[in-house]
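Encoded as structure tokens, the structure appears first; notes follow it.
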Amino acid sequence: MNLKGVISISGRPGLYKVVGQGKNNIIVEALNDNKRIPAYATDRISALEDISIYTYEEDVPLREVYIKFREKVAEEQVLSHKESLSKLESFLEEVLPDYDKERVYPSDIKKLFQWYNLLHKAGLTAPVEGTTEEVSQEEE
């Protein structure tokens, strides 16, 4: 799974892929409809490869959580982010049993599921050939 170049922009729905750079901005393309828009330095941008989920021991990178999601549901989408919070929490507990329930807010859990489904629709949840992803799964 490659999250490189995939970002979230606060205040804008969905996920975006960085496709270019302008003079005072970056050009991003929406994963759901492929529309290109500029993102400016004043926008709050989060790179998905830099996001981690709080656990009681150490933070787990989002990529690893999504690999566990993929292992659990195979090639299907996960639950919709519109499902009840209890269903979402129980699914997250199955794949990441030690996530910190006090620091991972309900809005974070919903966003986690929404983002995975967006990435799945865009075809970005498949394993990347030639990476350490296959090796790390064998070691566990």
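Going by the structure tokens order, chains are called A, B, ..., each with residues numbered from 1, while ligands are numbered from 1 in the order shown.
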
Subject >> In chain A, DSSP alpha helix (DSSP H) residues written as a PyMOL selection string >> reply: chain A and resi 62-73+85-95+106-121+133-139

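Near Leu31 of chain A, within 12 Å and counting only C-alpha atoms, sit Gly5, Val6, Ile7, Ser8, Pro13, Gly14, Leu15, Tyr16, Lys17, Val18, Val19, Arg36, Ile37, Trp115, Tyr116, Asn117, Leu118, Leu119, His120, Lys121, Ala122, Gly123 and Leu124 of chain A; same-chain residues fewer than 5 positions away were not included.
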
**OP:** Rank nothing, just name the residue among A:Gln114, A:Ser107, A:Leu96, A:Thr125 nearest to Asp59 of chain A, using only C-alpha atoms.
**Re:** A:Leu96

Original post:
Within 10 Å of Leu92 of chain A, counting only C-alpha atoms, which residues qualify if same-chain residues fewer than 2 places away don't, as a PyMOL selection string?
Top reply: chain A and resi 65+68-69+86-90+94-99+109+112-113

Based on the selection just made, write all heavy atoms of those residues as a short mmCIF file (atom, residue, chain, number, x, y, z; two decimals), in the first residue's frame.
data_model
loop_
_atom_site.label_atom_id
_atom_site.label_comp_id
_atom_site.auth_asym_id
_atom_site.auth_seq_id
_atom_site.Cartn_x
_atom_site.Cartn_y
_atom_site.Cartn_z
N VAL A 65 -2.17 0.21 9.79
CA VAL A 65 -3.56 -0.02 10.17
C VAL A 65 -4.35 -0.42 8.93
O VAL A 65 -5.14 -1.37 8.96
CB VAL A 65 -4.17 1.24 10.82
CG1 VAL A 65 -5.66 1.05 11.07
CG2 VAL A 65 -3.45 1.58 12.11
N LYS A 68 -3.76 -3.95 7.91
CA LYS A 68 -4.55 -4.87 8.73
C LYS A 68 -6.01 -4.87 8.30
O LYS A 68 -6.66 -5.91 8.31
CB LYS A 68 -4.42 -4.49 10.21
CG LYS A 68 -3.04 -4.76 10.77
CD LYS A 68 -2.94 -4.33 12.21
CE LYS A 68 -1.53 -4.57 12.73
NZ LYS A 68 -1.39 -4.26 14.14
N PHE A 69 -6.53 -3.69 7.93
CA PHE A 69 -7.90 -3.62 7.39
C PHE A 69 -8.01 -4.52 6.17
O PHE A 69 -8.94 -5.30 6.05
CB PHE A 69 -8.23 -2.19 6.96
CG PHE A 69 -8.79 -1.29 8.04
CD1 PHE A 69 -8.51 -1.49 9.38
CD2 PHE A 69 -9.59 -0.23 7.70
CE1 PHE A 69 -9.01 -0.65 10.35
CE2 PHE A 69 -10.10 0.62 8.66
CZ PHE A 69 -9.82 0.41 10.00
N SER A 86 -20.53 2.15 17.45
CA SER A 86 -20.19 0.90 18.14
C SER A 86 -19.70 -0.16 17.15
O SER A 86 -18.76 -0.90 17.45
CB SER A 86 -21.39 0.37 18.92
OG SER A 86 -22.48 0.12 18.06
N LYS A 87 -20.29 -0.24 15.94
CA LYS A 87 -19.82 -1.18 14.93
C LYS A 87 -18.41 -0.83 14.47
O LYS A 87 -17.56 -1.70 14.29
CB LYS A 87 -20.76 -1.19 13.72
CG LYS A 87 -22.04 -1.92 13.93
CD LYS A 87 -22.84 -1.94 12.63
CE LYS A 87 -24.16 -2.66 12.80
NZ LYS A 87 -24.93 -2.66 11.55
N LEU A 88 -18.18 0.47 14.25
CA LEU A 88 -16.86 0.92 13.80
C LEU A 88 -15.80 0.63 14.86
O LEU A 88 -14.71 0.16 14.55
CB LEU A 88 -16.88 2.41 13.45
CG LEU A 88 -17.83 2.83 12.32
CD1 LEU A 88 -17.80 4.35 12.15
CD2 LEU A 88 -17.49 2.13 11.02
N GLU A 89 -16.13 0.93 16.11
CA GLU A 89 -15.18 0.69 17.20
C GLU A 89 -14.87 -0.80 17.36
O GLU A 89 -13.72 -1.17 17.59
CB GLU A 89 -15.72 1.25 18.51
CG GLU A 89 -15.68 2.76 18.59
CD GLU A 89 -16.33 3.32 19.84
OE1 GLU A 89 -17.21 2.63 20.44
OE2 GLU A 89 -15.97 4.44 20.22
N SER A 90 -15.89 -1.64 17.23
CA SER A 90 -15.63 -3.08 17.39
C SER A 90 -14.76 -3.61 16.25
O SER A 90 -13.89 -4.45 16.47
CB SER A 90 -16.94 -3.86 17.50
OG SER A 90 -17.67 -3.79 16.31
N GLU A 94 -10.90 -5.19 16.58
CA GLU A 94 -10.48 -6.48 16.04
C GLU A 94 -9.14 -6.38 15.33
O GLU A 94 -8.31 -7.27 15.45
CB GLU A 94 -11.53 -7.01 15.05
CG GLU A 94 -12.79 -7.50 15.70
CD GLU A 94 -13.80 -7.98 14.68
OE1 GLU A 94 -13.38 -8.54 13.64
OE2 GLU A 94 -15.00 -7.80 14.92
N VAL A 95 -8.92 -5.29 14.59
CA VAL A 95 -7.68 -5.17 13.83
C VAL A 95 -6.57 -4.47 14.62
O VAL A 95 -5.40 -4.69 14.35
CB VAL A 95 -7.88 -4.45 12.47
CG1 VAL A 95 -8.76 -5.26 11.56
CG2 VAL A 95 -8.42 -3.06 12.64
N LEU A 96 -6.95 -3.64 15.57
CA LEU A 96 -5.97 -2.91 16.39
C LEU A 96 -6.47 -2.91 17.83
O LEU A 96 -6.99 -1.92 18.32
CB LEU A 96 -5.82 -1.48 15.85
CG LEU A 96 -4.63 -0.67 16.33
CD1 LEU A 96 -3.33 -1.30 15.83
CD2 LEU A 96 -4.74 0.75 15.84
N PRO A 97 -6.31 -4.05 18.53
CA PRO A 97 -6.92 -4.20 19.86
C PRO A 97 -6.44 -3.22 20.92
O PRO A 97 -7.17 -2.91 21.85
CB PRO A 97 -6.58 -5.63 20.26
CG PRO A 97 -5.65 -6.16 19.25
CD PRO A 97 -5.59 -5.23 18.11
N ASP A 98 -5.23 -2.70 20.77
CA ASP A 98 -4.70 -1.83 21.83
C ASP A 98 -4.76 -0.34 21.47
O ASP A 98 -4.01 0.46 22.03
CB ASP A 98 -3.27 -2.24 22.18
CG ASP A 98 -2.31 -2.11 21.01
OD1 ASP A 98 -2.79 -2.11 19.85
OD2 ASP A 98 -1.10 -2.03 21.23
N TYR A 99 -5.68 0.05 20.56
CA TYR A 99 -5.76 1.48 20.25
C TYR A 99 -6.27 2.23 21.47
O TYR A 99 -7.06 1.72 22.26
CB TYR A 99 -6.61 1.74 18.99
CG TYR A 99 -8.09 1.83 19.20
CD1 TYR A 99 -8.72 3.06 19.39
CD2 TYR A 99 -8.90 0.70 19.19
CE1 TYR A 99 -10.09 3.14 19.57
CE2 TYR A 99 -10.26 0.77 19.36
CZ TYR A 99 -10.85 2.00 19.56
OH TYR A 99 -12.20 2.09 19.74
N ILE A 109 -12.19 7.95 14.15
CA ILE A 109 -12.55 6.59 13.74
C ILE A 109 -13.36 6.63 12.45
O ILE A 109 -13.10 5.89 11.51
CB ILE A 109 -13.32 5.87 14.87
CG1 ILE A 109 -12.39 5.64 16.07
CG2 ILE A 109 -13.89 4.55 14.38
CD1 ILE A 109 -13.08 5.12 17.31
N LEU A 112 -11.12 7.46 9.58
CA LEU A 112 -10.29 6.30 9.28
C LEU A 112 -10.99 5.36 8.29
O LEU A 112 -10.40 4.95 7.29
CB LEU A 112 -9.98 5.57 10.59
CG LEU A 112 -8.99 4.45 10.62
CD1 LEU A 112 -7.60 4.99 10.38
CD2 LEU A 112 -9.04 3.76 11.98
N PHE A 113 -12.26 5.08 8.55
CA PHE A 113 -13.04 4.21 7.67
C PHE A 113 -13.37 4.88 6.34
O PHE A 113 -13.29 4.26 5.28
CB PHE A 113 -14.32 3.75 8.37
CG PHE A 113 -14.07 2.68 9.39
CD1 PHE A 113 -13.70 2.99 10.69
CD2 PHE A 113 -14.19 1.34 9.06
CE1 PHE A 113 -13.45 2.01 11.63
CE2 PHE A 113 -13.95 0.34 9.98
CZ PHE A 113 -13.57 0.68 11.27
#

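Across the model, the gap from atom CA of Asp100 of chain A to atom CA of Asn2 of chain A is 25.1 Å.
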
**OP:** Rank A:Lys4, A:Ile9, A:Pro127, A:Thr42 by their smallest atom-to-atom distance to Val28 of chain A, using only C-alpha atoms, and report the top residue only.
**Re:**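 Using only C-alpha atoms, Val28 of chain A sits closest to A:Ile9.
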